[in-house]
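Asker: Compact mmCIF, C-alpha atoms, file model-v7.txt:
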```txt
# COMPACT_ATOMS: atom_id res chain seq x y z
CA MET A 1 11.64 -48.79 22.22
CA THR A 2 8.40 -48.03 24.02
CA THR A 3 5.39 -47.61 21.75
CA PRO A 4 3.15 -46.08 20.60
CA ARG A 5 5.60 -43.38 19.62
CA LEU A 6 5.21 -40.43 17.24
CA VAL A 7 8.47 -39.39 15.60
CA MET A 8 8.42 -35.83 14.23
CA ASP A 9 11.06 -34.68 11.73
CA LEU A 10 11.65 -30.92 11.99
CA GLY A 11 13.53 -30.90 8.70
CA ARG A 12 10.42 -32.04 6.84
CA ILE A 13 8.33 -29.38 8.59
CA GLY A 14 10.78 -26.74 7.41
CA ALA A 15 10.69 -28.08 3.87
CA ALA A 16 6.86 -27.99 3.82
CA TYR A 17 6.83 -24.41 5.10
CA ARG A 18 9.37 -23.23 2.54
CA ALA A 19 7.45 -24.95 -0.27
CA MET A 20 4.26 -23.12 0.68
CA ARG A 21 6.06 -19.78 0.87
CA ALA A 22 7.66 -20.39 -2.54
CA ALA A 23 4.33 -21.30 -4.16
CA MET A 24 2.52 -18.25 -2.73
CA PRO A 25 5.16 -15.65 -1.92
CA ASP A 26 2.60 -12.86 -1.47
CA VAL A 27 0.46 -14.84 0.98
CA ALA A 28 1.38 -14.93 4.68
CA VAL A 29 1.43 -18.35 6.37
CA HIS A 30 -0.16 -18.67 9.84
CA TYR A 31 0.15 -22.18 11.29
CA ALA A 32 -3.07 -23.56 12.82
CA MET A 33 -2.00 -24.41 16.37
CA LYS A 34 -4.78 -26.98 16.86
CA CYS A 35 -3.11 -29.39 14.44
CA ASN A 36 -0.02 -30.22 16.48
CA PRO A 37 0.99 -27.83 19.29
CA HIS A 38 4.08 -29.72 20.43
CA PRO A 39 6.51 -27.07 21.78
CA ARG A 40 9.36 -28.16 19.49
CA VAL A 41 7.11 -28.07 16.43
CA VAL A 42 5.75 -24.63 17.27
CA GLY A 43 9.17 -23.27 18.21
CA HIS A 44 10.68 -24.54 14.98
CA LEU A 45 7.99 -22.86 12.88
CA ALA A 46 8.40 -19.62 14.83
CA GLY A 47 12.13 -19.70 14.12
CA LEU A 48 11.40 -20.03 10.40
CA GLY A 49 9.30 -16.86 10.49
CA CYS A 50 5.92 -18.58 10.33
CA GLY A 51 2.87 -16.79 11.70
CA PHE A 52 0.22 -18.44 13.87
CA GLU A 53 -3.54 -18.84 14.23
CA ILE A 54 -5.16 -19.68 17.55
CA ALA A 55 -8.52 -20.86 18.87
CA SER A 56 -8.06 -20.35 22.63
CA ALA A 57 -6.27 -18.41 25.33
CA ALA A 58 -4.13 -21.46 26.14
CA GLU A 59 -2.74 -21.52 22.61
CA LEU A 60 -2.05 -17.80 22.89
CA GLU A 61 -0.16 -18.26 26.14
CA GLN A 62 2.05 -20.92 24.54
CA LEU A 63 2.97 -18.55 21.72
CA LEU A 64 3.59 -15.59 24.01
CA GLY A 65 5.83 -17.83 26.09
CA ILE A 66 8.22 -18.29 23.17
CA GLY A 67 8.19 -14.62 22.18
CA VAL A 68 5.69 -14.55 19.31
CA PRO A 69 4.31 -10.97 19.15
CA ALA A 70 0.61 -10.86 20.04
CA ASP A 71 -0.19 -8.38 17.29
CA GLU A 72 0.95 -10.92 14.67
CA ILE A 73 -1.41 -13.66 15.87
CA LEU A 74 -4.81 -14.33 14.29
CA TYR A 75 -7.63 -15.39 16.61
CA SER A 76 -9.70 -17.27 14.03
CA ASN A 77 -12.14 -19.23 16.17
CA PRO A 78 -15.49 -17.59 15.26
CA VAL A 79 -17.04 -18.28 18.68
CA LYS A 80 -14.85 -17.61 21.71
CA PRO A 81 -15.34 -17.57 25.48
CA GLU A 82 -15.53 -13.92 26.49
CA ALA A 83 -12.83 -14.44 29.12
CA HIS A 84 -10.49 -15.67 26.37
CA ILE A 85 -11.20 -12.56 24.31
CA GLU A 86 -10.39 -10.39 27.32
CA LYS A 87 -7.06 -12.18 27.82
CA ALA A 88 -6.17 -11.89 24.14
CA HIS A 89 -7.06 -8.21 24.02
CA ALA A 90 -5.03 -7.48 27.15
CA ALA A 91 -2.05 -9.30 25.62
CA GLY A 92 -2.25 -7.23 22.43
CA VAL A 93 -4.04 -9.47 19.92
CA LEU A 94 -5.63 -7.21 17.31
CA ARG A 95 -7.57 -9.46 14.89
CA TYR A 96 -10.57 -11.70 15.63
CA ALA A 97 -12.87 -13.83 13.47
CA PHE A 98 -16.65 -13.84 14.07
CA ASP A 99 -19.88 -14.90 12.37
CA SER A 100 -22.73 -13.71 14.59
CA ALA A 101 -24.21 -10.66 16.26
CA ASP A 102 -23.67 -12.32 19.63
CA GLU A 103 -19.92 -12.60 18.97
CA LEU A 104 -19.81 -8.95 17.93
CA ALA A 105 -21.35 -7.96 21.25
CA LYS A 106 -18.69 -9.93 23.11
CA LEU A 107 -15.93 -8.36 21.04
CA GLU A 108 -17.31 -4.86 21.63
CA ARG A 109 -17.22 -5.48 25.38
CA ALA A 110 -13.99 -7.45 25.68
CA ALA A 111 -11.87 -6.08 22.82
CA PRO A 112 -13.08 -2.55 22.03
CA GLY A 113 -11.68 -1.15 18.78
CA ALA A 114 -10.44 -4.56 17.59
CA SER A 115 -10.16 -5.52 13.93
CA VAL A 116 -12.67 -8.22 13.01
CA TYR A 117 -13.05 -10.52 10.02
CA VAL A 118 -16.25 -12.34 9.17
CA ARG A 119 -16.43 -16.09 8.43
CA LEU A 120 -18.16 -16.86 5.12
CA ALA A 121 -19.98 -20.13 4.61
CA VAL A 122 -18.90 -21.88 1.42
CA PRO A 123 -20.64 -24.67 -0.51
CA ASP A 124 -19.83 -28.32 0.19
CA LEU A 125 -16.64 -28.70 -1.82
CA HIS A 126 -16.09 -32.42 -1.11
CA SER A 127 -13.00 -32.32 1.08
CA GLU A 128 -11.80 -35.54 2.71
CA VAL A 129 -12.56 -34.06 6.16
CA PRO A 130 -15.50 -31.65 5.62
CA SER A 131 -16.29 -28.73 7.94
CA GLU A 132 -19.96 -29.82 8.22
CA GLY A 133 -21.41 -26.30 8.26
CA LYS A 134 -20.54 -25.46 11.86
CA PHE A 135 -19.32 -21.95 11.00
CA GLY A 136 -19.98 -19.26 8.43
CA VAL A 137 -22.76 -17.03 7.07
CA ASP A 138 -24.05 -16.10 3.61
CA LEU A 139 -22.94 -13.01 1.69
CA GLY A 140 -25.82 -10.80 2.74
CA THR A 141 -25.42 -11.64 6.41
CA ALA A 142 -21.65 -11.19 6.20
CA ALA A 143 -22.10 -7.67 4.83
CA GLN A 144 -24.63 -6.81 7.53
CA LEU A 145 -22.34 -8.10 10.27
CA LEU A 146 -19.35 -6.11 9.06
CA LEU A 147 -21.46 -2.94 8.92
CA ALA A 148 -22.71 -3.72 12.43
CA ALA A 149 -19.09 -4.09 13.53
CA ARG A 150 -18.36 -0.59 12.26
CA ASP A 151 -21.39 0.74 14.13
CA ARG A 152 -20.09 -0.86 17.34
CA GLY A 153 -16.72 0.88 17.08
CA LEU A 154 -14.89 -2.18 15.75
CA ASP A 155 -12.78 -2.23 12.58
CA PRO A 156 -14.48 -4.23 9.77
CA HIS A 157 -11.14 -5.62 8.71
CA GLY A 158 -11.74 -8.58 6.46
CA VAL A 159 -13.22 -11.95 5.58
CA THR A 160 -12.28 -15.59 6.02
CA PHE A 161 -13.50 -19.00 4.85
CA HIS A 162 -12.49 -22.66 5.00
CA VAL A 163 -12.96 -25.16 2.16
CA GLY A 164 -12.60 -28.24 4.41
CA SER A 165 -9.58 -30.23 5.52
CA GLN A 166 -7.52 -32.40 3.14
CA MET A 167 -9.03 -30.73 0.06
CA LEU A 168 -7.98 -32.61 -3.09
CA HIS A 169 -9.53 -30.16 -5.59
CA PRO A 170 -7.34 -27.10 -6.26
CA ARG A 171 -10.25 -25.14 -7.75
CA ALA A 172 -12.08 -25.32 -4.42
CA TRP A 173 -10.76 -21.85 -3.60
CA ALA A 174 -12.13 -20.25 -6.80
CA GLN A 175 -15.80 -19.93 -5.85
CA PRO A 176 -15.15 -18.67 -2.29
CA LEU A 177 -12.79 -16.02 -3.69
CA ASP A 178 -15.52 -14.95 -6.14
CA MET A 179 -17.80 -14.60 -3.11
CA VAL A 180 -15.16 -12.49 -1.37
CA GLY A 181 -15.12 -10.23 -4.45
CA GLU A 182 -18.90 -9.83 -4.26
CA LEU A 183 -18.69 -8.99 -0.57
CA MET A 184 -16.02 -6.37 -1.21
CA ASP A 185 -18.21 -4.80 -3.88
CA LYS A 186 -21.21 -4.69 -1.54
CA LEU A 187 -19.20 -3.05 1.21
CA ALA A 188 -17.49 -0.55 -1.08
CA ALA A 189 -20.89 1.05 -1.61
CA GLU A 190 -20.98 1.60 2.16
CA ASP A 191 -17.45 3.08 2.22
CA VAL A 192 -16.01 -0.03 3.88
CA ARG A 193 -12.72 -1.27 2.44
CA LEU A 194 -11.68 -4.76 3.50
CA SER A 195 -7.96 -5.24 4.11
CA LEU A 196 -7.66 -8.94 5.06
CA VAL A 197 -8.59 -12.07 3.15
CA ASP A 198 -7.95 -15.21 5.19
CA LEU A 199 -8.07 -18.25 2.89
CA GLY A 200 -8.12 -20.76 5.74
CA GLY A 201 -6.47 -24.14 5.61
CA GLY A 202 -7.36 -27.37 3.87
CA PHE A 203 -4.17 -27.91 1.87
CA PRO A 204 -3.65 -31.67 1.50
CA VAL A 205 -0.81 -34.11 2.09
CA ARG A 206 -0.08 -37.60 0.87
CA TYR A 207 -1.98 -40.42 2.51
CA CYS A 208 -2.81 -43.35 0.21
CA THR A 209 -2.35 -41.28 -2.96
CA ASP A 210 -0.43 -38.19 -4.02
CA PRO A 211 -2.44 -34.95 -3.87
CA PRO A 212 -2.31 -32.45 -6.75
CA PRO A 213 0.84 -30.29 -6.76
CA LEU A 214 0.80 -27.28 -4.44
CA GLU A 215 1.47 -25.09 -7.48
CA GLU A 216 -2.01 -25.91 -8.82
CA TYR A 217 -3.59 -24.60 -5.62
CA ALA A 218 -1.37 -21.52 -5.71
CA ALA A 219 -2.37 -20.73 -9.30
CA VAL A 220 -6.08 -20.72 -8.40
CA ILE A 221 -5.53 -18.67 -5.25
CA ASN A 222 -3.20 -16.15 -6.87
CA ALA A 223 -5.65 -15.64 -9.77
CA GLY A 224 -8.57 -15.21 -7.40
CA LEU A 225 -6.72 -12.64 -5.31
CA ALA A 226 -5.61 -10.74 -8.42
CA ALA A 227 -9.25 -10.44 -9.53
CA LEU A 228 -10.35 -8.62 -6.36
CA ARG A 229 -11.19 -4.93 -6.64
CA HIS A 230 -8.07 -3.87 -4.68
CA PRO A 231 -4.97 -5.53 -3.19
CA VAL A 232 -5.42 -7.17 0.22
CA HIS A 233 -3.30 -8.75 2.92
CA ALA A 234 -3.82 -12.43 2.16
CA VAL A 235 -3.11 -15.22 4.63
CA VAL A 236 -3.47 -19.00 4.76
CA GLU A 237 -3.85 -21.12 7.90
CA PRO A 238 -2.31 -24.52 7.11
CA GLY A 239 -1.95 -27.17 9.77
CA ARG A 240 -1.89 -30.62 8.20
CA ALA A 241 0.07 -29.38 5.18
CA LEU A 242 3.00 -28.32 7.36
CA VAL A 243 3.29 -31.17 9.84
CA ALA A 244 1.47 -34.33 8.73
CA GLU A 245 4.14 -35.85 6.50
CA ALA A 246 6.80 -35.05 9.09
CA GLY A 247 5.29 -37.57 11.50
CA THR A 248 5.67 -41.36 11.67
CA LEU A 249 3.70 -43.23 14.32
CA VAL A 250 5.35 -46.46 15.45
CA SER A 251 3.12 -49.08 17.10
CA THR A 252 3.44 -52.65 18.34
CA VAL A 253 1.21 -55.61 17.56
CA ILE A 254 -0.40 -56.80 20.82
CA GLY A 255 -2.46 -59.62 19.30
CA VAL A 256 -3.52 -61.31 16.06
CA ALA A 257 -6.78 -63.16 15.47
CA ASP A 258 -8.66 -64.73 12.54
CA ARG A 259 -12.39 -63.98 12.69
CA MET A 260 -14.94 -64.90 10.01
CA GLY A 261 -12.32 -65.09 7.29
CA LYS A 262 -10.55 -61.85 8.21
CA ARG A 263 -7.23 -61.28 9.95
CA TRP A 264 -7.49 -58.78 12.81
CA VAL A 265 -4.27 -57.16 13.99
CA HIS A 266 -4.59 -55.47 17.38
CA LEU A 267 -2.13 -52.63 18.00
CA ASP A 268 -1.16 -50.57 21.02
CA VAL A 269 -2.51 -47.48 19.23
CA GLY A 270 -6.01 -46.95 17.90
CA ALA A 271 -8.68 -44.39 17.17
CA PHE A 272 -8.94 -43.15 20.74
CA ASN A 273 -5.25 -42.80 21.62
CA GLY A 274 -3.86 -41.45 18.36
CA PHE A 275 -6.00 -41.95 15.24
CA MET A 276 -9.27 -40.13 15.96
CA GLU A 277 -9.42 -39.03 12.33
CA SER A 278 -10.05 -42.67 11.44
CA LEU A 279 -13.40 -42.37 13.19
CA GLU A 280 -13.98 -38.82 11.97
CA THR A 281 -13.70 -39.91 8.34
CA GLY A 282 -15.39 -43.30 8.59
CA ASN A 283 -12.00 -44.98 8.05
CA GLN A 284 -11.68 -43.29 4.65
CA LEU A 285 -8.50 -41.40 5.56
CA ARG A 286 -5.99 -44.12 4.73
CA PHE A 287 -2.62 -43.62 6.38
CA PRO A 288 0.41 -45.13 4.62
CA VAL A 289 1.28 -48.22 6.61
CA GLY A 290 4.16 -50.70 6.72
CA ASP A 291 5.77 -53.16 9.08
CA GLU A 292 9.21 -54.35 10.10
CA HIS A 293 9.15 -57.35 7.75
CA GLY A 294 8.75 -54.98 4.84
CA GLY A 295 7.87 -57.30 2.00
CA ALA A 296 6.05 -60.20 0.39
CA PRO A 297 4.09 -62.31 0.81
CA ARG A 298 1.38 -59.87 1.93
CA ARG A 299 -2.17 -60.15 3.18
CA ARG A 300 -5.09 -57.77 3.77
CA MET A 301 -5.69 -57.12 7.46
CA GLN A 302 -7.92 -55.08 9.75
CA LEU A 303 -5.79 -52.79 11.93
CA THR A 304 -7.58 -52.14 15.19
CA GLY A 305 -6.72 -50.47 18.48
CA PRO A 306 -6.12 -51.75 22.02
CA THR A 307 -9.41 -50.77 23.68
CA CYS A 308 -12.52 -52.90 24.10
CA ASP A 309 -14.57 -50.45 22.01
CA SER A 310 -15.77 -51.94 18.73
CA GLN A 311 -15.31 -48.60 16.94
CA ASP A 312 -11.60 -48.47 17.76
CA THR A 313 -10.30 -49.44 14.30
CA ILE A 314 -7.80 -47.51 12.17
CA LEU A 315 -7.82 -49.26 8.77
CA PHE A 316 -9.73 -52.03 7.05
CA ASP A 317 -8.07 -54.17 4.37
CA ALA A 318 -4.57 -52.80 4.89
CA GLU A 319 -1.84 -54.80 3.15
CA LEU A 320 0.91 -55.95 5.50
CA SER A 321 3.32 -58.85 5.73
CA ARG A 322 1.48 -62.17 5.94
CA ASP A 323 3.58 -63.40 8.88
CA LEU A 324 2.95 -60.31 11.06
CA ALA A 325 2.83 -61.47 14.67
CA THR A 326 2.51 -60.27 18.25
CA GLY A 327 5.47 -58.11 19.19
CA ASP A 328 6.13 -56.88 15.63
CA ARG A 329 6.25 -53.19 14.80
CA VAL A 330 3.78 -51.43 12.48
CA HIS A 331 4.45 -47.86 11.37
CA PHE A 332 2.07 -45.27 9.96
CA GLY A 333 3.18 -42.39 7.75
CA SER A 334 1.66 -38.90 7.49
CA ALA A 335 0.84 -39.10 11.19
CA GLY A 336 2.05 -35.68 12.33
CA ALA A 337 -1.36 -33.98 12.26
CA TYR A 338 -4.32 -34.47 14.59
CA THR A 339 -2.91 -37.57 16.27
CA THR A 340 -1.46 -36.78 19.70
CA VAL A 341 -3.58 -33.64 20.04
CA TYR A 342 -6.83 -35.62 19.71
CA ALA A 343 -5.61 -38.57 21.78
CA SER A 344 -7.08 -39.52 25.14
CA SER A 345 -6.31 -42.18 27.76
CA PHE A 346 -9.59 -43.98 27.12
CA ASN A 347 -9.68 -47.46 28.65
CA GLY A 348 -6.31 -46.70 30.25
CA PHE A 349 -4.27 -46.70 27.02
CA GLU A 350 -1.98 -43.70 26.89
CA PRO A 351 -1.38 -41.35 23.92
CA PRO A 352 1.84 -41.79 21.96
CA ILE A 353 5.18 -40.58 23.28
CA VAL A 354 6.63 -37.88 21.01
CA ASP A 355 10.21 -37.93 19.74
CA ILE A 356 11.73 -35.05 17.79
CA GLN A 357 14.27 -35.48 15.03
CA GLU A 358 16.29 -32.73 13.42
CA ASP A 359 18.20 -33.58 10.24
CA GLY A 360 17.53 -37.26 10.91
CA GLU A 361 18.90 -37.18 14.45
CA GLN A 362 16.61 -37.97 17.37
CA GLN A 363 16.49 -35.23 20.00
```
Please express what this file holds, its structure, as structure tokens.
Answerer:
Amino acid sequence: MTTPRLVMDLGRIGAAYRAMRAAMPDVAVHYAMKCNPHPRVVGHLAGLGCGFEIASAAELEQLLGIGVPADEILYSNPVKPEAHIEKAHAAGVLRYAFDSADELAKLERAAPGASVYVRLAVPDLHSEVPSEGKFGVDLGTAAQLLLAARDRGLDPHGVTFHVGSQMLHPRAWAQPLDMVGELMDKLAAEDVRLSLVDLGGGFPVRYCTDPPPLEEYAAVINAGLAALRHPVHAVVEPGRALVAEAGTLVSTVIGVADRMGKRWVHLDVGAFNGFMESLETGNQLRFPVGDEHGGAPRRRMQLTGPTCDSQDTILFDAELSRDLATGDRVHFGSAGAYTTVYASSFNGFEPPIVDIQEDGEQQ
């Protein structure tokens, strides 16, 4: 078998989707395309009735190509190329996120009459992969922008926020939902009634430890929505939570070396051709890892990639079989999210091949 190879199990994706729908039956699920846009993954979710969230015209075209109605798609990237807005509007996309006056001007020109939802900034809530403040505005600015949207002939439709990816604290949604309530109260005085609350993504999966049960997240979210001044159309935008645990990345050891008392295992996959989140998190996102020997005795090893870049390391102090050698296979769990989509051919090492399994059978 040629490696590196990402094996995606559609059955596990379906199970994750159904679990989220069961935990929050009154909240619509819109898959974040950026996480893993493989055609079989996206098509499977569409067949289950899942909605979608996009960040570009290319993602929109992929969805339209498999028959997803444009008016059911959320365009949640707060800053978009104007040409992409024009394409989305022409295709029939109705709802667009924004967080600036400049974006409103683009939307007025390229998508007149569109429904818009403002991105709120939320406090640092200590997610494993934080959002770093790139998007979002405070409550006062959010209210002003939605009123400006109305004045420009756009529909001030709603509000969105994101607590950060791989959020391990279920109560992280409580404070942002309180802020949404305040915003709704402010706007009610101006005769603006918000219809959409987009709770973003951030729902976690198992890496080195089990996350809190999904039901704990649902309880906080459901309570926060119930406390709002009127019922809303609530949506979530999971990516990782639907596809990560469905993916296993199989790699091959290309070399083993002992350096300054540490065992370095070089693999045919690394940070640049599959595990960019290792760099993004300072190697704190610890993927479950095993090898073909599968047992004792074990030893701590540094798992590094195939390139000549010194930053190309996936895990430090990972426990694997002591006799791991060149040619052996190493497999990583929870690898279905942000692996192939981030991967490049840096230094000439190609991204993983993708295999699809359905009910345990490779397709």
Asker: For Leu94 of chain A, which residue out of A:Glu108, A:Glu72, A:Glu358, A:Asp210 is the nearest one, using all atoms listed in the file?
Answerer: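 Once distances to Leu94 of chain A are computed over all atoms listed in the file, the minimum belongs to A:Glu72.
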Asker: Just give me the gap between atom CA of His157 of chain A and atom CA of Glu216 of chain A in Å, one decimal is fine.
Answerer: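 One can read the atom CA of His157 of chain A to atom CA of Glu216 of chain A distance as 28.3 Å.
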Asker: For the atom pair atom CA of Ala88 of chain A and atom CA of Glu61 of chain A, what is the interatomic distance in Å to one decimal place?
Answerer: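 Here the two named atoms are 9.0 Å from each other.
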Asker: Would you list the contacts of Asp198 of chain A as a list in words, taking every protein, DNA or RNA residue within 10 Å and counting all atoms listed in the file, but skipping same-chain residues closer than 2 positions in sequence?
Answerer: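 Contacts, with the query itself left out: Val27, Ala28, Val29, His30, Leu74, Ser76, Ala97, Tyr117, Val118, Arg119, Gly158, Val159, Thr160, Phe161, His162, Leu196, Gly200, Gly201, Val232, His233, Ala234, Val235, Val236 and Glu237 of chain A.
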Asker: Can you work out the spacing between atom CA of Ala257 of chain A and atom CA of Asp312 of chain A in Å, to one decimal?
Answerer: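 It comes out at 15.6 Å.
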Asker: Give me the residues within 9 Å of Val7 of chain A as a PyMOL selection string, counting all atoms listed in the file and dropping any in the same chain fewer than 2 places off.
Answerer: chain A and resi 5+9+246-250+335-336+353-357+362
Asker: Between A:Met276, A:Leu303, A:Val289, A:Val192, which has the minimum distance to Val256 of chain A (counting only C-alpha atoms)?
Answerer: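 Result for the nearest residue to Val256 of chain A: A:Leu303.
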Asker: Between A:Ala111, A:Leu104, A:Ala226, A:Val243, single out the one closest to Val42 of chain A, counting all atoms listed in the file.
Answerer: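 When distances to Val42 of chain A are compared using all atoms listed in the file, the smallest one comes from A:Val243.
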Asker: Residues within 12 Å of Leu45 of chain A, please, as a PDB file with C-alpha atoms, in the coordinates of the input. Count only C-alpha atoms; anything in the same chain fewer than 5 positions from it doesn't count.
Answerer:
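Dumped everything to part.pdb:
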```pdb
ATOM      1  CA  LEU A  10      11.650 -30.920  11.990  1.00  0.00           C
ATOM      2  CA  GLY A  11      13.530 -30.900   8.700  1.00  0.00           C
ATOM      3  CA  ARG A  12      10.420 -32.040   6.840  1.00  0.00           C
ATOM      4  CA  ILE A  13       8.330 -29.380   8.590  1.00  0.00           C
ATOM      5  CA  GLY A  14      10.780 -26.740   7.410  1.00  0.00           C
ATOM      6  CA  ALA A  15      10.690 -28.080   3.870  1.00  0.00           C
ATOM      7  CA  ALA A  16       6.860 -27.990   3.820  1.00  0.00           C
ATOM      8  CA  TYR A  17       6.830 -24.410   5.100  1.00  0.00           C
ATOM      9  CA  ARG A  18       9.370 -23.230   2.540  1.00  0.00           C
ATOM     10  CA  VAL A  29       1.430 -18.350   6.370  1.00  0.00           C
ATOM     11  CA  HIS A  30      -0.160 -18.670   9.840  1.00  0.00           C
ATOM     12  CA  TYR A  31       0.150 -22.180  11.290  1.00  0.00           C
ATOM     13  CA  ALA A  32      -3.070 -23.560  12.820  1.00  0.00           C
ATOM     14  CA  MET A  33      -2.000 -24.410  16.370  1.00  0.00           C
ATOM     15  CA  ASN A  36      -0.020 -30.220  16.480  1.00  0.00           C
ATOM     16  CA  PRO A  37       0.990 -27.830  19.290  1.00  0.00           C
ATOM     17  CA  HIS A  38       4.080 -29.720  20.430  1.00  0.00           C
ATOM     18  CA  PRO A  39       6.510 -27.070  21.780  1.00  0.00           C
ATOM     19  CA  ARG A  40       9.360 -28.160  19.490  1.00  0.00           C
ATOM     20  CA  CYS A  50       5.920 -18.580  10.330  1.00  0.00           C
ATOM     21  CA  GLY A  51       2.870 -16.790  11.700  1.00  0.00           C
ATOM     22  CA  PHE A  52       0.220 -18.440  13.870  1.00  0.00           C
ATOM     23  CA  LEU A  63       2.970 -18.550  21.720  1.00  0.00           C
ATOM     24  CA  ILE A  66       8.220 -18.290  23.170  1.00  0.00           C
ATOM     25  CA  VAL A  68       5.690 -14.550  19.310  1.00  0.00           C
ATOM     26  CA  PRO A 238      -2.310 -24.520   7.110  1.00  0.00           C
ATOM     27  CA  GLY A 239      -1.950 -27.170   9.770  1.00  0.00           C
ATOM     28  CA  LEU A 242       3.000 -28.320   7.360  1.00  0.00           C
ATOM     29  CA  VAL A 243       3.290 -31.170   9.840  1.00  0.00           C
TER      30      VAL A 243
END
```
Asker: With all atoms listed in the file as the basis for distance, which of A:Gly295, A:Gly327, A:Pro212, A:Pro123 is at the shortest distance from Thr252 of chain A?
Answerer: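 For Thr252 of chain A, the nearest of the given residues is A:Gly327.
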Asker: So, with only C-alpha atoms as the atoms that count, which of A:Arg259, A:Glu215, A:Ser165, A:Ala114 lies closest to Ala22 of chain A?
Answerer: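 Going through A:Arg259, A:Glu215, A:Ser165, A:Ala114 one by one, the smallest distance to Ala22 of chain A is for A:Glu215.
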Asker: Using all atoms listed in the file, can you tell me which of A:Ala271, A:Ala174, A:Met184, A:Ala57 comes closest to Ala219 of chain A?
Answerer: A:Ala174
Asker: Could you list, as a PDB file with C-alpha atoms, in the frame of the given file, every residue within 12 Å of Arg263 of chain A, counting only C-alpha atoms and ignoring same-chain residues fewer than 5 positions away?
Answerer:
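See selection39.pdb below for the written result:
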```pdb
ATOM      1  CA  GLY A 255      -2.460 -59.620  19.300  1.00  0.00           C
ATOM      2  CA  VAL A 256      -3.520 -61.310  16.060  1.00  0.00           C
ATOM      3  CA  ALA A 257      -6.780 -63.160  15.470  1.00  0.00           C
ATOM      4  CA  ASP A 258      -8.660 -64.730  12.540  1.00  0.00           C
ATOM      5  CA  ARG A 298       1.380 -59.870   1.930  1.00  0.00           C
ATOM      6  CA  ARG A 299      -2.170 -60.150   3.180  1.00  0.00           C
ATOM      7  CA  ARG A 300      -5.090 -57.770   3.770  1.00  0.00           C
ATOM      8  CA  MET A 301      -5.690 -57.120   7.460  1.00  0.00           C
ATOM      9  CA  GLN A 302      -7.920 -55.080   9.750  1.00  0.00           C
ATOM     10  CA  LEU A 303      -5.790 -52.790  11.930  1.00  0.00           C
ATOM     11  CA  THR A 304      -7.580 -52.140  15.190  1.00  0.00           C
ATOM     12  CA  PHE A 316      -9.730 -52.030   7.050  1.00  0.00           C
ATOM     13  CA  ASP A 317      -8.070 -54.170   4.370  1.00  0.00           C
ATOM     14  CA  ALA A 318      -4.570 -52.800   4.890  1.00  0.00           C
ATOM     15  CA  GLU A 319      -1.840 -54.800   3.150  1.00  0.00           C
ATOM     16  CA  LEU A 320       0.910 -55.950   5.500  1.00  0.00           C
ATOM     17  CA  SER A 321       3.320 -58.850   5.730  1.00  0.00           C
ATOM     18  CA  ARG A 322       1.480 -62.170   5.940  1.00  0.00           C
ATOM     19  CA  ASP A 323       3.580 -63.400   8.880  1.00  0.00           C
ATOM     20  CA  LEU A 324       2.950 -60.310  11.060  1.00  0.00           C
ATOM     21  CA  ALA A 325       2.830 -61.470  14.670  1.00  0.00           C
TER      22      ALA A 325
END
```
Asker: At a cut-off of 9 Å around the point (-3.9, -41.1, 5.5) (file coordinates), what residues fall inside when counting all atoms listed in the file? I'd like the answer as a PyMOL selection string.
Answerer: chain A and resi 205-209+278+284-289+332-335
Asker: Restricting the output to C-alpha atoms, write the selected residues as a short mmCIF file (atom, residue, chain, number, x, y, z; two decimals), in the frame of the given file.
Answerer:
```
data_model
loop_
_atom_site.label_atom_id
_atom_site.label_comp_id
_atom_site.auth_asym_id
_atom_site.auth_seq_id
_atom_site.Cartn_x
_atom_site.Cartn_y
_atom_site.Cartn_z
CA VAL A 205 -0.81 -34.11 2.09
CA ARG A 206 -0.08 -37.60 0.87
CA TYR A 207 -1.98 -40.42 2.51
CA CYS A 208 -2.81 -43.35 0.21
CA THR A 209 -2.35 -41.28 -2.96
CA SER A 278 -10.05 -42.67 11.44
CA GLN A 284 -11.68 -43.29 4.65
CA LEU A 285 -8.50 -41.40 5.56
CA ARG A 286 -5.99 -44.12 4.73
CA PHE A 287 -2.62 -43.62 6.38
CA PRO A 288 0.41 -45.13 4.62
CA VAL A 289 1.28 -48.22 6.61
CA PHE A 332 2.07 -45.27 9.96
CA GLY A 333 3.18 -42.39 7.75
CA SER A 334 1.66 -38.90 7.49
CA ALA A 335 0.84 -39.10 11.19
#
```
Asker: So which residues are close to (-17.3, -3.1, 13.5), meaning at most 12 Å away in the file's coordinates with only C-alpha atoms counted, and can you show them as a PyMOL selection string?
Answerer: chain A and resi 95-98+100-101+103-108+111-118+142-158+192+194
